[in-house]
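Peer 1: Let me begin by handing over the structure; questions about it come next.
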Amino acid sequence: MGNTAILVLVVITALAFDFTNGFHDTGNAMATSIATGALPPRVAVALSGLLNLVGAFLSLAVAATIASGLVDTKLVTLTVVAAGLAGGIIWNLVTWLFGIPSSSSHALIGGVIGSTIAAAGGHAVLWHGLTSKVVIPAVLSPIIAALVAATGTWLLYRISRSLTQGARSHGFRIGQIGSACMVSLAHGTNDAQKTMGVITLALIANGTLAAKSNAPFWVILACALAISVGTYLGGWRVIRTLGKGLVEIEAPQGMAAESASAAVILLSSSFGWNVAGRMATAWIFTLPSAGIVGAAAYYLAHSIGGSTGVIVDILVLAAIAGFIYWRSRGSKVDPNNVNDEWTGSVAPAEPEPAAAA
């Protein structure tokens, strides 16, 4: 199989990652609006999907960083890119299965970094760029978001303390619609560009584009559509964890949290220690775990060799994705039960059968 066919497979795999990014990160944008009743579940994810599509066209700065700012493009091959995508997709699906919010962006970056190290060694990684543009923001952003959200919630309660509970809830639910829209637009601007950058990296590795080229229009459009469709289908498991598994969220808290998320482009923190501990663990391990999977995928493809190795990687990825989807059907979460009372597990408890007459 020629390089062009392999390139097509890699682009399709990248768009599959973008799709998982969409349904995985929908919860960041819409969970609190759904939990407080500001927006019906299906309306919320449809609106989020539309704004993700719009946001993807607003900037290309992040795509440029992914394409040329983290690894030495001269040492990257299509096999490296395919293996890195496998790392990102598998981590996304595993955390989605357990309803654990984590960063799809860090999963993708970790996968690419891991496969690059496996292929060319640590010198192929631009460590300064990785530290300044990924690691430091990953540490600081949740802290900043938590502080902004806490301060915003306090101010909102102080400003509205003279209002009745009903009037305050109604007003802030309207405000939540605006803040949720800002988060969705921010996600489109930031997250869709990660995949644009990876596809651009693949095009550079294939010699289709010159080094440091910007993403072509067709790449921007394809990534925007993939993430928006993924968002529309909804990551109900992650939405349930964020909306019901941490705390009971009221409209002012939801509006403050969404505003903080829009400003920082990462989910804000709330206090609920069992679930929050799982989230923190996933957050810490996203980069290295995706990197390990990316490295393993590269070694598998490299040991087989050539186009066949890439094809085997993609087939293994498809099999793992199918298995995870099959497992998820055993504890289905959808728009009809996403706001049911939290029982400590991802899915709501099964209703008890009615007693026989």
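Within each chain, counting starts at residue 1; across the structure tokens, chains are named A, B, ... in the order shown, with ligands numbered 1 upward in that order.
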So that I can see what lies close to Ser105 in chain A, please list as a PyMOL selection string the residues with an atom at most 9 Å from it, counting only C-alpha atoms and leaving out residues fewer than 5 positions away in the same chain.
Peer 2: chain A and resi 21+88+110+190-191+194-195
Peer 1: With only C-alpha atoms as the atoms that count, which of A:Thr32, A:Thr189, A:Thr4, A:Ser102 lies nearest to Gly207 in chain A?
Peer 2: A:Thr4
Peer 1: Tell me, as an MDAnalysis selection string, which residues lie within 9 Å of Ala83 in chain A, counting only C-alpha atoms; anything in the same chain fewer than 2 positions away does not count.
Peer 2: chainID A and resid 78:81 85:88 111:112 114:116 293:301 310 313:314
Peer 1: Which one of A:Ile100, A:Thr13, A:Ala107, A:Ile304 sits closest to Ile292 in chain A if you count only C-alpha atoms?
Peer 2: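 Looking only at the distances to Ile292 in chain A, the closest residue turns out to be A:Ala107.
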